[in-house]
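**Student:** Pasting a structure here, questions to come.
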Amino acid sequence: MQHRQIFSALLAGTVFTFATQAVAAQDAPTDKLDEQEGTPNPAGADDNIAPDQSGTIVVTGSRIRGAAVASDVITLGQEAIIAAGQVDLGEAIRSLPQNFGGGQNPGVGSGGGLINNNINSGSHANLRGIGPDATLTLLNGHRLPYDSAFGGVDISAVPLAALNRIEVVPDGASALYGSDAVAGVVNVILRSDFDGVATSAQIGASTDGGYFRQQADIVGGKTWNGGGFLVAYDFAHNSEIRARKRSYATSLDPNATLYPSLSRHAVTFAAHQRLTDNVVAKVDALYARRKSRTESRTATTQFSIEPETETYTIAPSIEINLGSDWQVKLLGVFGRDRTYYSTTTTPVAGTARVANGCYCNGVTAFDAGTEGPLFALGGGSARLAIGGGFRNNSLDYTQLVNGTPSDAFDVTRRSRYAYGEFYLPFVSSDLNVPGIDRLSLSAAIRYEDYPGLDQLATPRLGLIYAPISELTLRASWARSFKAPTLYQQYIPYEAILLPGTAFGNVSSTSTVFYTAGGNPDVEPEHASSWTGGFELRPQFLEGLTVSATYYDIRYRDRVVRPIAGSIAAAFRNPGFATLIDFSPTASELAELIAGAQIGLQNFSGRAYDPANVIAFIDNRNVNVAAQTIRGIDARLSWNGKLGVGTLGLDLDASWLESSQLLTDELPVVQLSGTVFNPPKFRLRAAANYRTDRFMLTTALNFTGALKDQRFAIERRIEPSATVDVGASYDIIAGSGRDAGLSVSLTINNLFNDKPELFQTTGPTDTPYDSTNFSPIGRFVAIAIRQHW
């Protein structure tokens, strides 16, 4: 970029889901845990939630077997995902009202800021819209390597064919799982035991053109006395959606892509074997590869983005029963995720510029823990879980421009931790205590040591009280944290010298020193959260469940680039005064120049003299932002007999209020309900009717109104509602969730609702909010499944 272009850029203005709370039975014996899962799944969900490979239920939100979880737990079963016509876990998690589609997700276009930059068309969970890096994604309870730059995990890398269920805990859980769990935890739980071979295939397309999708998978497994294995392979490909195929995209070049072409291969392997009466060995392994392509154009330049991602993880573990119901678990994780990106910029006149390189992430971890009963209480055994371990996360970043090295760093963050969790069931239903049907308390704390970064302890408390068997009240309080991403810390920064006259200074010799980019000195982000809720299951109407949860998150020390818009405007705004140093020392500036990527870039028109620097604007990443996130999640579900079949009704709604404060001198900025942020209100209502061989489903997806406040005149983006329908028929009956042979038809967005247009800030920006709305339109697909 030439000097004039850089200078101009610096000064430019910025003129369902089928879900339910899951509460495990208290002190359930291990030989009957599959009968005491607690809350059954609602209509359309998987009715066969099974114990894990050692025969014990894994409940996300606790490390204690059989513990009741005080937080809300949302369950997405494999059968419900298939019934919705979804072919990967990314589509499933984006359908949750509690999740935001922004961040790293296919179809997210340009114009939404850095955090909504789609690097490789992965699929990241993003609970409450706080950011993919603030939602911890696990596979069978263990960590996976981060994906690309922003600290999220690609959930679409796990084949749907291998899934048992997804459990989502939208509550701070750093006391249990460590960093990243500020907004909550998404735990992908694989099927444990599977016999035979099952195949499925789906083919579909958008009725408006483009997005021709093909998907096929195969899963096979075998069980024997004491062990078993499962292996699943999934392939999916969709064609791109070009601007010329959509009437609302006329502002873009006709060949620009609104949705990338995407190909994915994924393999999952899981096995378990009982070595002795007291020892079980397990292994989970995952491999995935994904390619995508996106194009955009202006009158003078064409841009082509072609990333390729490869990820793999292997997680072996040993479980040892010590007797007296005590168990030791040893778990290791080794994973790598490599995004090889390539961006080609081709001007009409001139030489093409190719920027390519790798976001190469890695994780190596070891965890050892023990869990078991301590003493008897009225509601069962008091139980304890303690343990510890270490984790190394790495990021090797490289960039080459036309084959010449440009940027690079290779860093590793190490952490050591120890944790403890208590579970105290004071009263159970068997005691017949007046006014107390059930009462339990849980407490957890985790100490984490990041050498050279921070040492911290995060506590968590949970309370469950049921005055009567039909009504359960629950509350939780927690502190959470998130370590800064390695990208936020170590991406190179620039040091730029600008003329002071551009900032209103009358002296022709004055200059302004400006930096932007990574900052190794940023520290962890911190949050405190509490929730309170209830679940009602009235006896007068069997199968009805009503629940609601209020949550409140105070998130501070958020790492941001403090000045997102015009530097000149911020210079004149008193609210930014605390972020600008008006008397920098020569030694401070010299140190910044020495650490800058390519030294000092002087655009002032005169020789650099630190005595002439009237201000230092540090726009590197810094811990300054504070966010407040609060709202209500509500659910209603009913399952019952209707004629020769069963009917299930589900309603899942979320109301969200979120805002951000950059400094005390600046006004509070509303986040929720504004473009490129979550809407204040989302809802998914679903109905499901099934007989022995036939199933009919329908769902309403509602997205609330948004405000576009980016320009002088505020504009309202109207609410959106889409309707999905589906039907399946078992030609050959099967057993459990696996039909012998079934066919299905799915129509998503039946009435072809389209995104509403808004004003853009650049010639290649997507002309609608691509974080909340999709260009796919009406999508029709047919599928066939066979269990051999």
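If you're wondering about the labels, chains in the structure tokens are A, B, ... by order shown, residues count from 1 in each chain, ligands from 1 in order shown.
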Near Phe751 of chain A, counting only C-alpha atoms, which residues have an atom at most 12 Å away, once you skip same-chain residues fewer than 5 positions from it, shown as a short mmCIF file (atom, residue, chain, number, x, y, z; two decimals) with N, CA, C and O atoms, in the first residue's frame?
**Tutor:**
```
data_model
loop_
_atom_site.label_atom_id
_atom_site.label_comp_id
_atom_site.auth_asym_id
_atom_site.auth_seq_id
_atom_site.Cartn_x
_atom_site.Cartn_y
_atom_site.Cartn_z
N THR A 207 -33.85 -23.14 -4.01
CA THR A 207 -34.76 -22.92 -5.15
C THR A 207 -34.45 -21.62 -5.88
O THR A 207 -34.92 -21.42 -7.00
N ASP A 208 -33.67 -20.72 -5.27
CA ASP A 208 -33.27 -19.49 -5.94
C ASP A 208 -32.00 -19.67 -6.77
O ASP A 208 -31.56 -18.72 -7.43
N LEU A 700 -40.79 -23.11 13.52
CA LEU A 700 -40.80 -21.68 13.25
C LEU A 700 -39.55 -21.07 13.88
O LEU A 700 -39.29 -21.26 15.08
N SER A 720 -37.56 -11.20 11.37
CA SER A 720 -37.61 -12.22 10.32
C SER A 720 -38.16 -13.51 10.91
O SER A 720 -37.87 -13.86 12.06
N ALA A 721 -38.95 -14.22 10.11
CA ALA A 721 -39.49 -15.52 10.53
C ALA A 721 -39.38 -16.48 9.36
O ALA A 721 -39.74 -16.14 8.23
N THR A 722 -38.87 -17.67 9.63
CA THR A 722 -38.80 -18.72 8.61
C THR A 722 -39.49 -19.97 9.15
O THR A 722 -39.53 -20.20 10.37
N VAL A 723 -40.00 -20.77 8.23
CA VAL A 723 -40.70 -22.00 8.59
C VAL A 723 -40.00 -23.18 7.91
O VAL A 723 -39.72 -23.14 6.71
N ASP A 724 -39.70 -24.20 8.70
CA ASP A 724 -39.10 -25.44 8.20
C ASP A 724 -40.11 -26.57 8.34
O ASP A 724 -40.85 -26.65 9.33
N VAL A 725 -40.16 -27.46 7.34
CA VAL A 725 -41.02 -28.64 7.42
C VAL A 725 -40.22 -29.85 6.96
O VAL A 725 -39.29 -29.74 6.16
N GLY A 777 -31.94 -18.99 1.33
CA GLY A 777 -33.35 -18.95 0.95
C GLY A 777 -34.00 -20.31 1.13
O GLY A 777 -33.60 -21.12 1.98
N ARG A 778 -35.03 -20.58 0.32
CA ARG A 778 -35.72 -21.87 0.43
C ARG A 778 -34.77 -22.99 -0.02
O ARG A 778 -34.17 -22.94 -1.08
N PHE A 779 -34.66 -24.00 0.84
CA PHE A 779 -33.77 -25.13 0.56
C PHE A 779 -34.58 -26.42 0.64
O PHE A 779 -35.26 -26.67 1.63
N VAL A 780 -34.51 -27.22 -0.42
CA VAL A 780 -35.26 -28.46 -0.51
C VAL A 780 -34.27 -29.61 -0.62
O VAL A 780 -33.34 -29.57 -1.45
#
```
**Student:** Need to verify the contact set: segment 479-496 of chain A, 6 Å, only C-alpha atoms, exclusion of same-chain residues closer than 4 positions in sequence. Can you return it as a ChimeraX atom specification?
**Tutor:** /A:149,172,174,179-180,182,458-459,513-520,524-528,596-597,600-602
**Student:** Just to be explicit: take each residue in the selection above, keep N, CA, C and O atoms, and write the result as an mmCIF file, in the first residue's frame.
**Tutor:**
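This went into result.cif:
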```
data_model
loop_
_atom_site.group_PDB
_atom_site.id
_atom_site.type_symbol
_atom_site.label_atom_id
_atom_site.label_comp_id
_atom_site.auth_asym_id
_atom_site.auth_seq_id
_atom_site.Cartn_x
_atom_site.Cartn_y
_atom_site.Cartn_z
ATOM 1 N N ALA A 149 -7.590 -18.104 13.720
ATOM 2 C CA ALA A 149 -6.973 -17.032 14.502
ATOM 3 C C ALA A 149 -7.674 -16.704 15.808
ATOM 4 O O ALA A 149 -7.039 -16.224 16.741
ATOM 5 N N GLY A 172 -21.199 -19.655 33.066
ATOM 6 C CA GLY A 172 -19.770 -19.618 33.312
ATOM 7 C C GLY A 172 -19.281 -20.878 34.003
ATOM 8 O O GLY A 172 -19.848 -21.293 35.013
ATOM 9 N N SER A 174 -15.565 -21.802 34.220
ATOM 10 C CA SER A 174 -14.108 -21.878 34.310
ATOM 11 C C SER A 174 -13.651 -22.653 35.536
ATOM 12 O O SER A 174 -12.562 -23.230 35.540
ATOM 13 N N SER A 179 -10.017 -21.903 31.144
ATOM 14 C CA SER A 179 -10.197 -20.754 30.265
ATOM 15 C C SER A 179 -11.238 -21.015 29.184
ATOM 16 O O SER A 179 -11.495 -22.154 28.810
ATOM 17 N N ASP A 180 -11.817 -19.939 28.688
ATOM 18 C CA ASP A 180 -12.722 -19.881 27.539
ATOM 19 C C ASP A 180 -14.188 -20.108 27.894
ATOM 20 O O ASP A 180 -15.049 -19.871 27.051
ATOM 21 N N VAL A 182 -16.437 -18.564 29.552
ATOM 22 C CA VAL A 182 -17.131 -17.397 30.098
ATOM 23 C C VAL A 182 -18.619 -17.461 29.771
ATOM 24 O O VAL A 182 -19.477 -17.297 30.637
ATOM 25 N N THR A 458 -10.698 -19.597 40.260
ATOM 26 C CA THR A 458 -12.082 -19.292 39.885
ATOM 27 C C THR A 458 -13.021 -20.210 40.653
ATOM 28 O O THR A 458 -12.936 -21.435 40.528
ATOM 29 N N PRO A 459 -13.945 -19.668 41.439
ATOM 30 C CA PRO A 459 -14.898 -20.471 42.203
ATOM 31 C C PRO A 459 -16.248 -20.579 41.498
ATOM 32 O O PRO A 459 -16.554 -19.814 40.584
ATOM 33 N N PHE A 513 2.459 9.852 16.894
ATOM 34 C CA PHE A 513 2.984 8.486 16.833
ATOM 35 C C PHE A 513 1.824 7.517 17.069
ATOM 36 O O PHE A 513 1.098 7.652 18.062
ATOM 37 N N TYR A 514 1.648 6.570 16.150
ATOM 38 C CA TYR A 514 0.484 5.673 16.191
ATOM 39 C C TYR A 514 0.937 4.228 16.075
ATOM 40 O O TYR A 514 1.821 3.906 15.254
ATOM 41 N N THR A 515 0.358 3.341 16.880
ATOM 42 C CA THR A 515 0.624 1.904 16.778
ATOM 43 C C THR A 515 -0.695 1.148 16.697
ATOM 44 O O THR A 515 -1.713 1.586 17.242
ATOM 45 N N ALA A 516 -0.679 -0.005 16.024
ATOM 46 C CA ALA A 516 -1.860 -0.866 15.919
ATOM 47 C C ALA A 516 -1.398 -2.292 15.681
ATOM 48 O O ALA A 516 -0.442 -2.537 14.942
ATOM 49 N N GLY A 517 -2.087 -3.256 16.324
ATOM 50 C CA GLY A 517 -1.749 -4.665 16.138
ATOM 51 C C GLY A 517 -1.772 -5.410 17.447
ATOM 52 O O GLY A 517 -2.521 -5.088 18.373
ATOM 53 N N GLY A 518 -0.951 -6.443 17.545
ATOM 54 C CA GLY A 518 -0.918 -7.286 18.731
ATOM 55 C C GLY A 518 -0.190 -6.625 19.890
ATOM 56 O O GLY A 518 0.518 -5.628 19.729
ATOM 57 N N ASN A 519 -0.376 -7.212 21.065
ATOM 58 C CA ASN A 519 0.239 -6.656 22.272
ATOM 59 C C ASN A 519 0.554 -7.799 23.233
ATOM 60 O O ASN A 519 -0.365 -8.362 23.845
ATOM 61 N N PRO A 520 1.836 -8.161 23.392
ATOM 62 C CA PRO A 520 2.179 -9.267 24.286
ATOM 63 C C PRO A 520 1.816 -9.027 25.746
ATOM 64 O O PRO A 520 1.784 -9.973 26.544
ATOM 65 N N PRO A 524 -5.398 -11.733 31.029
ATOM 66 C CA PRO A 524 -6.661 -12.463 30.912
ATOM 67 C C PRO A 524 -7.878 -11.570 31.129
ATOM 68 O O PRO A 524 -7.830 -10.573 31.860
ATOM 69 N N GLU A 525 -8.970 -11.939 30.488
ATOM 70 C CA GLU A 525 -10.262 -11.305 30.700
ATOM 71 C C GLU A 525 -10.970 -12.010 31.856
ATOM 72 O O GLU A 525 -10.766 -13.206 32.066
ATOM 73 N N HIS A 526 -11.806 -11.286 32.588
ATOM 74 C CA HIS A 526 -12.468 -11.838 33.768
ATOM 75 C C HIS A 526 -13.977 -11.607 33.685
ATOM 76 O O HIS A 526 -14.439 -10.634 33.083
ATOM 77 N N ALA A 527 -14.713 -12.498 34.318
ATOM 78 C CA ALA A 527 -16.165 -12.362 34.324
ATOM 79 C C ALA A 527 -16.735 -12.941 35.613
ATOM 80 O O ALA A 527 -16.174 -13.868 36.202
ATOM 81 N N SER A 528 -17.836 -12.386 36.043
ATOM 82 C CA SER A 528 -18.634 -12.964 37.125
ATOM 83 C C SER A 528 -20.048 -13.146 36.590
ATOM 84 O O SER A 528 -20.549 -12.313 35.823
ATOM 85 N N ALA A 596 8.400 -3.009 16.433
ATOM 86 C CA ALA A 596 7.432 -2.985 15.341
ATOM 87 C C ALA A 596 7.852 -3.929 14.222
ATOM 88 O O ALA A 596 9.035 -4.203 14.017
ATOM 89 N N GLN A 597 6.866 -4.365 13.487
ATOM 90 C CA GLN A 597 7.069 -5.370 12.439
ATOM 91 C C GLN A 597 8.137 -4.949 11.429
ATOM 92 O O GLN A 597 9.039 -5.710 11.100
ATOM 93 N N LEU A 600 9.759 1.883 12.005
ATOM 94 C CA LEU A 600 8.894 3.063 11.921
ATOM 95 C C LEU A 600 8.545 3.366 10.466
ATOM 96 O O LEU A 600 9.421 3.471 9.605
ATOM 97 N N GLN A 601 7.236 3.522 10.198
ATOM 98 C CA GLN A 601 6.766 3.968 8.887
ATOM 99 C C GLN A 601 6.443 5.461 8.994
ATOM 100 O O GLN A 601 5.493 5.839 9.672
ATOM 101 N N ASN A 602 7.252 6.267 8.356
ATOM 102 C CA ASN A 602 7.184 7.716 8.517
ATOM 103 C C ASN A 602 6.389 8.335 7.367
ATOM 104 O O ASN A 602 6.843 8.385 6.231
#
```
**Student:** Could you check how far atom CA of Gly388 of chain A sits from atom CA of Arg414 of chain A, in Å to one decimal?
**Tutor:** 13.9 Å
**Student:** Which of these residues is nearest to Ala270 of chain A, using only C-alpha atoms: A:Phe616, A:Tyr423, A:Phe229, A:Phe303?
**Tutor:**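 Among A:Phe616, A:Tyr423, A:Phe229, A:Phe303, it is A:Phe229 that comes nearest to Ala270 of chain A.
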**Student:** Taking the chain letters and numbering used in this document, name the residues of segment 140-381 of chain A that DSSP puts in helix (DSSP H, G or I), as JSON, numbers by chain.
**Tutor:** {"A": [155, 156, 157, 160, 161, 162, 174, 175, 176, 177, 243, 244, 245, 247, 248, 249]}
**Student:** Save the residues we just selected, N, CA and C atoms, as a compact mmCIF listing (two decimals), in the first residue's frame?
**Tutor:**
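Contents of the output file out_27.txt:
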```
# COMPACT_ATOMS: atom_id res chain seq x y z
N ILE A 155 -16.77 -26.95 15.18
CA ILE A 155 -17.64 -28.04 15.61
C ILE A 155 -18.11 -28.88 14.45
N SER A 156 -18.06 -28.35 13.22
CA SER A 156 -18.52 -29.11 12.06
C SER A 156 -17.55 -30.21 11.68
N ALA A 157 -16.37 -30.27 12.31
CA ALA A 157 -15.40 -31.32 12.01
C ALA A 157 -15.82 -32.68 12.55
N LEU A 160 -21.80 -36.03 11.97
CA LEU A 160 -23.10 -36.19 12.61
C LEU A 160 -23.41 -37.67 12.85
N ALA A 161 -22.93 -38.56 11.97
CA ALA A 161 -23.22 -39.98 12.11
C ALA A 161 -22.66 -40.56 13.40
N ALA A 162 -21.62 -39.93 13.96
CA ALA A 162 -21.00 -40.45 15.19
C ALA A 162 -21.59 -39.83 16.45
N SER A 174 -15.56 -21.80 34.22
CA SER A 174 -14.11 -21.88 34.31
C SER A 174 -13.65 -22.65 35.54
N ALA A 175 -14.47 -22.68 36.60
CA ALA A 175 -14.10 -23.44 37.79
C ALA A 175 -14.03 -24.94 37.50
N LEU A 176 -14.72 -25.37 36.46
CA LEU A 176 -14.71 -26.78 36.09
C LEU A 176 -13.75 -27.08 34.94
N TYR A 177 -13.70 -26.17 33.96
CA TYR A 177 -13.01 -26.48 32.71
C TYR A 177 -11.88 -25.52 32.37
N ALA A 243 -23.71 -13.54 -6.40
CA ALA A 243 -24.57 -12.37 -6.26
C ALA A 243 -25.61 -12.30 -7.37
N ARG A 244 -25.27 -12.77 -8.55
CA ARG A 244 -26.22 -12.68 -9.67
C ARG A 244 -27.45 -13.57 -9.46
N LYS A 245 -27.36 -14.50 -8.49
CA LYS A 245 -28.48 -15.40 -8.20
C LYS A 245 -29.47 -14.80 -7.19
N SER A 247 -31.64 -11.33 -6.05
CA SER A 247 -32.12 -10.01 -6.49
C SER A 247 -31.69 -8.90 -5.55
N TYR A 248 -31.40 -9.23 -4.29
CA TYR A 248 -31.05 -8.21 -3.31
C TYR A 248 -29.54 -7.95 -3.27
N ALA A 249 -28.76 -8.54 -4.17
CA ALA A 249 -27.31 -8.38 -4.13
C ALA A 249 -26.79 -7.63 -5.36
```
**Student:** Skip Ile320 of chain A itself and residues of its chain fewer than 5 positions away, then list as a PDB file with N, CA, C and O atoms, in the first residue's frame all residues within 9 Å of it, counting only C-alpha atoms.
**Tutor:**
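Final output, around_35.pdb:
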```
ATOM      1  N   ASN A 278     -11.405 -53.770  36.819  1.00  0.00           N
ATOM      2  CA  ASN A 278     -11.357 -52.421  37.372  1.00  0.00           C
ATOM      3  C   ASN A 278     -10.721 -51.394  36.452  1.00  0.00           C
ATOM      4  O   ASN A 278     -10.579 -50.235  36.840  1.00  0.00           O
ATOM      5  N   VAL A 279     -10.326 -51.777  35.255  1.00  0.00           N
ATOM      6  CA  VAL A 279      -9.614 -50.854  34.374  1.00  0.00           C
ATOM      7  C   VAL A 279     -10.270 -50.848  32.984  1.00  0.00           C
ATOM      8  O   VAL A 279     -10.470 -51.910  32.391  1.00  0.00           O
ATOM      9  N   VAL A 280     -10.607 -49.639  32.504  1.00  0.00           N
ATOM     10  CA  VAL A 280     -11.169 -49.463  31.169  1.00  0.00           C
ATOM     11  C   VAL A 280     -10.275 -48.487  30.398  1.00  0.00           C
ATOM     12  O   VAL A 280      -9.935 -47.416  30.905  1.00  0.00           O
ATOM     13  N   ALA A 281      -9.896 -48.869  29.190  1.00  0.00           N
ATOM     14  CA  ALA A 281      -9.120 -47.995  28.315  1.00  0.00           C
ATOM     15  C   ALA A 281     -10.019 -47.472  27.201  1.00  0.00           C
ATOM     16  O   ALA A 281     -10.870 -48.198  26.681  1.00  0.00           O
ATOM     17  N   TRP A 326     -14.932 -45.296  44.194  1.00  0.00           N
ATOM     18  CA  TRP A 326     -13.962 -44.277  43.810  1.00  0.00           C
ATOM     19  C   TRP A 326     -13.364 -44.646  42.453  1.00  0.00           C
ATOM     20  O   TRP A 326     -13.132 -45.817  42.148  1.00  0.00           O
ATOM     21  N   GLN A 327     -13.101 -43.620  41.645  1.00  0.00           N
ATOM     22  CA  GLN A 327     -12.580 -43.824  40.303  1.00  0.00           C
ATOM     23  C   GLN A 327     -11.472 -42.820  40.011  1.00  0.00           C
ATOM     24  O   GLN A 327     -11.559 -41.651  40.380  1.00  0.00           O
ATOM     25  N   VAL A 328     -10.439 -43.280  39.335  1.00  0.00           N
ATOM     26  CA  VAL A 328      -9.357 -42.425  38.849  1.00  0.00           C
ATOM     27  C   VAL A 328      -9.430 -42.389  37.329  1.00  0.00           C
ATOM     28  O   VAL A 328      -9.640 -43.428  36.681  1.00  0.00           O
ATOM     29  N   LYS A 329      -9.259 -41.198  36.752  1.00  0.00           N
ATOM     30  CA  LYS A 329      -9.269 -41.070  35.301  1.00  0.00           C
ATOM     31  C   LYS A 329      -8.034 -40.310  34.850  1.00  0.00           C
ATOM     32  O   LYS A 329      -7.729 -39.231  35.373  1.00  0.00           O
ATOM     33  N   LEU A 330      -7.327 -40.876  33.890  1.00  0.00           N
ATOM     34  CA  LEU A 330      -6.156 -40.257  33.286  1.00  0.00           C
ATOM     35  C   LEU A 330      -6.483 -39.997  31.820  1.00  0.00           C
ATOM     36  O   LEU A 330      -6.903 -40.901  31.096  1.00  0.00           O
TER      37      LEU A 330
END
```
**Student:** So which residues touch segment 467-478 of chain A within 10 Å, counting only C-alpha atoms, skipping near sequence neighbours fewer than 2 positions away, as an NGL selection string?
**Tutor:** :A and (69-72 or 171-175 or 182 or 428-429 or 432-445 or 458-465 or 480 or 527-539 or 545-553)
**Student:** For a quick check of understanding, using only C-alpha atoms, which of A:Tyr341, A:Tyr608, A:Phe334, A:Tyr397 has the smallest distance to Leu286 of chain A?
**Tutor:**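 Among the listed residues, A:Phe334 lies closest to Leu286 of chain A.
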**Student:** Mind pulling up the distance from atom CA of His787 of chain A to atom CA of Gly196 of chain A?
**Tutor:** 7.4 Å
**Student:** As an exercise, work out the distance from atom CA of Gly112 of chain A to atom CA of Tyr259 of chain A in Å and give it to one decimal place.
**Tutor:**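 Atom-to-atom, atom CA of Gly112 of chain A to atom CA of Tyr259 of chain A, that is 15.1 Å.
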**Student:** Can you pull out the residues contacting segment 238-241 of chain A? Cut-off 10 Å, using only C-alpha atoms, and skip same-chain residues under 6 positions away; I want them as number ranges by chain.
**Tutor:** A: 107, 203-206, 208-215, 255-264, 292-295, 775-776
**Student:** With a distance cut-off of 7 Å and only C-alpha atoms, select the neighbouring residues of Gly704 of chain A, excluding the residue or stretch itself and same-chain residues fewer than 4 positions from it, and output the selection as a count of residues only.
**Tutor:** 6
**Student:** So that I can see what lies close to segment 575-586 of chain A, please list as a PyMOL selection string the residues with an atom at most 10 Å from it, counting only C-alpha atoms and leaving out residues fewer than 5 positions away in the same chain.
**Tutor:** chain A and resi 512-514+562-563+569-570+591-592+609-611+613-619+622+624+662-667
**Student:** Based on the backbone DSSP call, show me all residues of segment 436-550 of chain A assigned strand (DSSP E), as an MDAnalysis selection string.
**Tutor:** chainID A and resid 438:450 454:468 471:482 494:499 511:517 525:536 544:550
**Student:** Would you mind telling me which residue in A:Ala705, A:Leu544, A:Ala385, A:Ala634 lies nearest to Ile64 of chain A when using only C-alpha atoms?
**Tutor:**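 That would be A:Ala385, the residue with the smallest distance to Ile64 of chain A.
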**Student:** With only C-alpha atoms as the basis for distance, which of A:Thr698, A:Thr351, A:Ser251, A:Thr628 is at the shortest distance from Asp557 of chain A?
**Tutor:**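 Closest candidate: A:Thr628.
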